[in-house]
Amino acid sequence: MAEGRITFRIEGMTCQACAARLEKVLNKKDFVHEATVNFASEEAQIRFDAEIADAAILTETVAKAGFTALPPQEGQPENGEDAAAGAGSLKSHWRLWLLLVLALPFVVGMLGMLAGSHALMPPLWYQLAAASAVQLWLALPFYRSACASVRGGLANMDVLVSVGTAAIYLYSLGMVLAGGGHEAVYFEAGVMVVAFVSLGKYLEERTKRGSLNSLGLLLRLTPAETEVRTADGTWHLQPLSAVKAGDVLRCTDGGRIAADGVVLAGEAWADESHLTGESEPQRKTAGSRVLAGALLSGSVEYRAEALGGDTLLGDMMRALSEAQGSKAPIARLADKVAAVFVPVVLVLALLTFALTWLFSGSPVTALVHAVAVLVVACPCALGLATPAAIMAGMGAAIGRGVWFKNAAVMERAGRVDTVVLDKTGTLTAGRPQIAALWLAEGVDEALLFQAALAVEQHSRHPLAQALLAAAAERGISPPPASAPYSEAGAGLEADVAGIGRVRVGKSEFCGFRLPENLEGIWQIASVAAVSADGKALGAVAFADTLRPDSAAAVARLQAVGIEVRMMSGDRPAAVAQIATELGLAAAQGAMSPRDKAEAVRQLMAEGRVVAMAGDGINDAPALAAADVGFALKGGTDVAEHSADALLMNGSVGQLADALLVARATLKTIRQNLFFAFFYNVLAIPLAAFGLLSPVIAGAAMALSSVTVLGNALRLKHFARRVC
């Protein structure tokens, strides 16, 4: 059975109940394997049976539920302004402005009432006309959404607003027809509630699609046009959409690279921090790779190799979109509450009406109190609490060069209390150099290098790269090799022409012991033994240095109470030396991939939440076993595939950034959930006892959502402050 995956942007959702309803509708379909709808990112991620359904069928299903499904590229904003004024309700600014204009005389009148005068309240004819225009025309989107929600079997926030404002409008209209005056009507409540709620929705949308949406900022990193060299050697400005792979492009000082490619001529410094989190510009000369979106200081000509979605920037945008649209486990609580929230509020409003009428004897007072209960209730704040924080946290992490694969990973990362680090290529620079050689009797240096080089050209391990570089400096080229075989954590072997079956790796793997009289550097260095047909040829000692930020990163993690351990397949003496330099009390060497994975599982069995960071094939089992696995970009594909997150700059400092941002995100989620619950627990009783008028209730409801979003936005400032 072929499985398809698709992500839609969803228009028409007004609160978390809408997202829950659409998710429920989609998951009921036989051809849908799993659907997740995110209210904050306004996206639906769907896995479906591709043999039965396609995008058209899914779009129709969404439409029947009362919403509009757009492909991601059509729903994405083109720039910051469009992000704030994009699709959905933002297309209808005129409706909001007209509502505010109609409500303004009521605001003036209510200010006068606070001063003890009714003289500023608009005449009754204006009140009736304005309220009728709002209820019979401008509030129609609320009614349409409410009806669609009820048909779908799950009431949303618009049901509360529609019922409350319609009830108070019909009551006031009845009083006018019965000959009542200013004191008998509450037209201002209906008009101002609809105006305040609409304003709150606008501010909510503006924040979600503007400040919270990191994708909108990423979209602006590639230029709309770029210089392309034509067949006659001249340069012409062309739209980026017309550029093809293989075209030669030019980028000048202050411009941005339009595609991933290779520099052909020129020299420049490129700021690639949007992808790697590396703040220092990188020097680019002929042969260097350039990445789409990089800001250039200088001028280069380069060949385009990947464009649009095939670039690293495009891949990052897809990853960010998928991650922001996913749900963290902590969001399940809000989903469960949102599913029953509106029906419960409707029941509370009816009880408020009945009890207030019973004890006060006034049906008018009972109606006002009940409407206030309906209006003040806010499932939006509850629905936004988790996804808004996740969106902001993901954006902050991307800004530091950390790619979390989904929201659940970020939540787990926020709970990490123990970090396990590989040594070579993770804590150390991964660019070791040959420090010493040992040659078996009758073996010369050239033979040793030829044998080792022939095998190690099939490896990406840092020690292999160091050996290749040293051989190149000596002018030694490898003989042909075939049938390579790798034993993770032990070494690599291959058939080498003229030499035999050569093994390179640990001495046990190569079938011999190193002489016991080797001292000094041999006691702490990483060692690669070399044998041919089971006979020793020699060994190479490699010296590696710590990455510049490793010590500071370890200190940052320890300062916030995270225990840091080192596990390596390297010799215990070499591991102990690095541990001493870093101030680590727990460090183990000579560990196989199985040993690392088992040690991680043991820590987890003790109740710890463990993060593992590594870059090699031998780290993959431990990365997969840990609660959160971090792979260093540029390491092995196996490690990257096994990990839950990528550190794009290959830095332990980025790991510290990732865990601190994740902790802050989890803290923000808890704060938002507390506020959302506290707001409703406090506001609904106040409204029921008449301490909040419907107008104040509408303003409070609008403010609650904006407050949750504002709290989430603090994560961006947090990331700049601590990372």
# chains A, B, ... in the order shown; residues from 1 in each chain; ligands from 1
>>> select_by_dssp(residues="segment 586-656 of chain A", states="strand (DSSP E or B)", output="JSON, numbers by chain")
{"A": [586, 587, 588, 610, 611, 612, 613, 614, 628, 629, 630, 631, 632, 645, 646, 647]}
>>> select_by_dssp(residues="segment 483-633 of chain A", states="helix (DSSP H, G or I)", output="ChimeraX atom specification")
/A:507-510,520-523,550-559,572-582,593-605,617-625
>>> residues_around(residues="segment 570-576 of chain A", least_positions_apart="2", cutoff="7 Å", atoms="only C-alpha atoms", output="number ranges by chain")
A: 523-526, 568, 578-580, 587-590
>>> residues_around(residues="Ala472 of chain A", least_positions_apart="5", cutoff="12 Å", atoms="only C-alpha atoms", output="PDB file with N, CA, C and O atoms, in the first residue's frame")
ATOM      1  N   ALA A 446      56.346   3.995   2.986  1.00  0.00           N
ATOM      2  CA  ALA A 446      55.539   4.075   1.767  1.00  0.00           C
ATOM      3  C   ALA A 446      54.536   2.931   1.698  1.00  0.00           C
ATOM      4  O   ALA A 446      53.362   3.121   1.340  1.00  0.00           O
ATOM      5  N   PHE A 449      51.647   3.490   4.188  1.00  0.00           N
ATOM      6  CA  PHE A 449      50.705   4.501   3.713  1.00  0.00           C
ATOM      7  C   PHE A 449      49.880   3.987   2.534  1.00  0.00           C
ATOM      8  O   PHE A 449      48.678   4.251   2.438  1.00  0.00           O
ATOM      9  N   GLN A 450      50.542   3.262   1.607  1.00  0.00           N
ATOM     10  CA  GLN A 450      49.802   2.738   0.456  1.00  0.00           C
ATOM     11  C   GLN A 450      48.698   1.779   0.892  1.00  0.00           C
ATOM     12  O   GLN A 450      47.563   1.844   0.404  1.00  0.00           O
ATOM     13  N   LEU A 453      46.056   3.807   2.921  1.00  0.00           N
ATOM     14  CA  LEU A 453      45.370   4.762   2.054  1.00  0.00           C
ATOM     15  C   LEU A 453      44.363   4.068   1.146  1.00  0.00           C
ATOM     16  O   LEU A 453      43.251   4.563   0.927  1.00  0.00           O
ATOM     17  N   GLN A 457      40.371   5.307   1.836  1.00  0.00           N
ATOM     18  CA  GLN A 457      39.700   6.177   0.876  1.00  0.00           C
ATOM     19  C   GLN A 457      38.203   5.868   0.793  1.00  0.00           C
ATOM     20  O   GLN A 457      37.427   6.641   0.240  1.00  0.00           O
ATOM     21  N   GLN A 465      40.431  10.752   7.020  1.00  0.00           N
ATOM     22  CA  GLN A 465      40.703  11.980   6.283  1.00  0.00           C
ATOM     23  C   GLN A 465      42.089  12.521   6.601  1.00  0.00           C
ATOM     24  O   GLN A 465      42.780  13.052   5.731  1.00  0.00           O
ATOM     25  N   ALA A 466      42.512  12.393   7.860  1.00  0.00           N
ATOM     26  CA  ALA A 466      43.859  12.833   8.238  1.00  0.00           C
ATOM     27  C   ALA A 466      44.918  11.994   7.537  1.00  0.00           C
ATOM     28  O   ALA A 466      45.953  12.511   7.086  1.00  0.00           O
ATOM     29  N   LEU A 467      44.680  10.695   7.416  1.00  0.00           N
ATOM     30  CA  LEU A 467      45.618   9.808   6.735  1.00  0.00           C
ATOM     31  C   LEU A 467      45.709  10.147   5.251  1.00  0.00           C
ATOM     32  O   LEU A 467      46.803  10.175   4.664  1.00  0.00           O
ATOM     33  N   SER A 477      50.207   7.757  -3.711  1.00  0.00           N
ATOM     34  CA  SER A 477      48.881   7.456  -4.260  1.00  0.00           C
ATOM     35  C   SER A 477      48.537   6.002  -3.947  1.00  0.00           C
ATOM     36  O   SER A 477      49.416   5.137  -3.925  1.00  0.00           O
ATOM     37  N   PRO A 478      47.242   5.719  -3.724  1.00  0.00           N
ATOM     38  CA  PRO A 478      46.874   4.360  -3.307  1.00  0.00           C
ATOM     39  C   PRO A 478      46.765   3.406  -4.486  1.00  0.00           C
ATOM     40  O   PRO A 478      46.370   3.799  -5.586  1.00  0.00           O
TER      41      PRO A 478
END
>>> residues_around(residues="Leu124 of chain A", least_positions_apart="4", cutoff="8 Å", atoms="only C-alpha atoms", output="list in words")
Leu128, Gly181 and His182 of chain A
>>> write_last_selection(atoms="N, CA and C atoms", output="CSV table (one decimal), in the first residue's frame")
chain,number,residue,atom,x,y,z
A,128,LEU,N,-29.7,51.4,17.1
A,128,LEU,CA,-30.5,50.3,16.4
A,128,LEU,C,-29.8,50.1,15.0
A,181,GLY,N,-36.7,52.9,26.1
A,181,GLY,CA,-35.7,53.9,25.8
A,181,GLY,C,-34.3,53.5,25.9
A,182,HIS,N,-33.4,54.4,26.1
A,182,HIS,CA,-32.0,54.1,26.2
A,182,HIS,C,-31.6,53.1,27.3
>>> closest_residue(among="A:Ala155, A:Val564, A:Ile617, A:Ala35", to="Gly425 of chain A", atoms="only C-alpha atoms")
A:Ile617
>>> decode(residues="segment 653-668 of chain A", atoms="all heavy atoms", output="CSV table (one decimal), in the first residue's frame")
chain,number,residue,atom,x,y,z
A,653,GLY,N,28.7,23.6,21.1
A,653,GLY,CA,28.0,24.9,21.5
A,653,GLY,C,26.6,25.0,21.0
A,653,GLY,O,25.7,25.5,21.7
A,654,GLN,N,26.4,24.5,19.8
A,654,GLN,CA,25.0,24.4,19.3
A,654,GLN,C,24.1,23.5,20.1
A,654,GLN,O,22.9,23.7,20.3
A,654,GLN,CB,25.0,24.0,17.9
A,654,GLN,CG,25.4,25.2,16.9
A,654,GLN,CD,25.2,24.8,15.5
A,654,GLN,OE1,25.6,23.7,15.1
A,654,GLN,NE2,24.6,25.7,14.7
A,655,LEU,N,24.7,22.4,20.6
A,655,LEU,CA,24.0,21.5,21.5
A,655,LEU,C,23.5,22.2,22.7
A,655,LEU,O,22.3,22.0,23.2
A,655,LEU,CB,24.8,20.3,21.8
A,655,LEU,CG,24.2,19.3,22.9
A,655,LEU,CD1,23.0,18.7,22.3
A,655,LEU,CD2,25.2,18.2,23.3
A,656,ALA,N,24.4,23.0,23.4
A,656,ALA,CA,24.0,23.7,24.5
A,656,ALA,C,22.9,24.7,24.2
A,656,ALA,O,21.9,24.9,24.9
A,656,ALA,CB,25.2,24.5,25.1
A,657,ASP,N,23.0,25.4,23.0
A,657,ASP,CA,22.0,26.3,22.6
A,657,ASP,C,20.6,25.6,22.5
A,657,ASP,O,19.6,26.0,22.9
A,657,ASP,CB,22.3,26.9,21.2
A,657,ASP,CG,23.5,27.9,21.3
A,657,ASP,OD1,23.9,28.2,22.4
A,657,ASP,OD2,24.0,28.2,20.2
A,658,ALA,N,20.7,24.4,21.8
A,658,ALA,CA,19.5,23.6,21.6
A,658,ALA,C,18.7,23.3,22.8
A,658,ALA,O,17.5,23.4,23.0
A,658,ALA,CB,19.8,22.4,20.8
A,659,LEU,N,19.5,22.8,23.8
A,659,LEU,CA,18.9,22.3,25.1
A,659,LEU,C,18.3,23.5,25.9
A,659,LEU,O,17.3,23.4,26.5
A,659,LEU,CB,19.9,21.5,25.9
A,659,LEU,CG,20.3,20.2,25.3
A,659,LEU,CD1,21.3,19.5,26.2
A,659,LEU,CD2,19.1,19.3,25.0
A,660,LEU,N,19.0,24.7,25.8
A,660,LEU,CA,18.6,25.8,26.6
A,660,LEU,C,17.3,26.4,25.9
A,660,LEU,O,16.4,26.8,26.6
A,660,LEU,CB,19.7,26.9,26.7
A,660,LEU,CG,20.9,26.5,27.6
A,660,LEU,CD1,22.0,27.5,27.5
A,660,LEU,CD2,20.4,26.3,29.0
A,661,VAL,N,17.3,26.5,24.6
A,661,VAL,CA,16.1,27.0,23.9
A,661,VAL,C,14.9,26.0,24.2
A,661,VAL,O,13.8,26.5,24.4
A,661,VAL,CB,16.4,27.1,22.4
A,661,VAL,CG1,15.1,27.4,21.6
A,661,VAL,CG2,17.3,28.3,22.1
A,662,ALA,N,15.2,24.7,24.1
A,662,ALA,CA,14.1,23.7,24.4
A,662,ALA,C,13.6,23.9,25.8
A,662,ALA,O,12.4,23.8,26.0
A,662,ALA,CB,14.6,22.3,24.1
A,663,ARG,N,14.5,24.1,26.8
A,663,ARG,CA,14.0,24.3,28.1
A,663,ARG,C,13.1,25.5,28.2
A,663,ARG,O,12.1,25.5,28.9
A,663,ARG,CB,15.2,24.4,29.1
A,663,ARG,CG,15.8,23.1,29.5
A,663,ARG,CD,16.8,23.3,30.7
A,663,ARG,NE,17.2,22.1,31.3
A,663,ARG,CZ,17.9,22.0,32.4
A,663,ARG,NH1,18.2,23.1,33.1
A,663,ARG,NH2,18.2,20.8,32.9
A,664,ALA,N,13.6,26.6,27.6
A,664,ALA,CA,12.8,27.9,27.6
A,664,ALA,C,11.5,27.7,27.0
A,664,ALA,O,10.4,28.2,27.4
A,664,ALA,CB,13.6,29.0,27.0
A,665,THR,N,11.4,26.9,25.9
A,665,THR,CA,10.2,26.6,25.2
A,665,THR,C,9.2,25.9,26.1
A,665,THR,O,8.0,26.2,26.1
A,665,THR,CB,10.4,25.9,23.9
A,665,THR,OG1,11.3,26.6,23.0
A,665,THR,CG2,9.2,25.6,23.1
A,666,LEU,N,9.7,24.8,26.7
A,666,LEU,CA,8.9,24.0,27.6
A,666,LEU,C,8.3,24.9,28.8
A,666,LEU,O,7.2,24.8,29.2
A,666,LEU,CB,9.7,22.8,28.1
A,666,LEU,CG,8.9,21.8,28.9
A,666,LEU,CD1,7.7,21.2,28.1
A,666,LEU,CD2,9.8,20.6,29.4
A,667,LYS,N,9.2,25.8,29.3
A,667,LYS,CA,8.8,26.6,30.4
A,667,LYS,C,7.7,27.6,29.9
A,667,LYS,O,6.7,27.8,30.6
A,667,LYS,CB,10.0,27.4,30.9
A,667,LYS,CG,9.6,28.4,32.0
A,667,LYS,CD,10.9,29.2,32.5
A,667,LYS,CE,10.6,30.1,33.6
A,667,LYS,NZ,11.8,30.9,34.0
A,668,THR,N,7.8,28.1,28.7
A,668,THR,CA,6.8,29.0,28.1
A,668,THR,C,5.5,28.3,27.9
A,668,THR,O,4.4,28.9,28.1
A,668,THR,CB,7.3,29.6,26.8
A,668,THR,OG1,8.6,30.3,27.0
A,668,THR,CG2,6.3,30.5,26.1
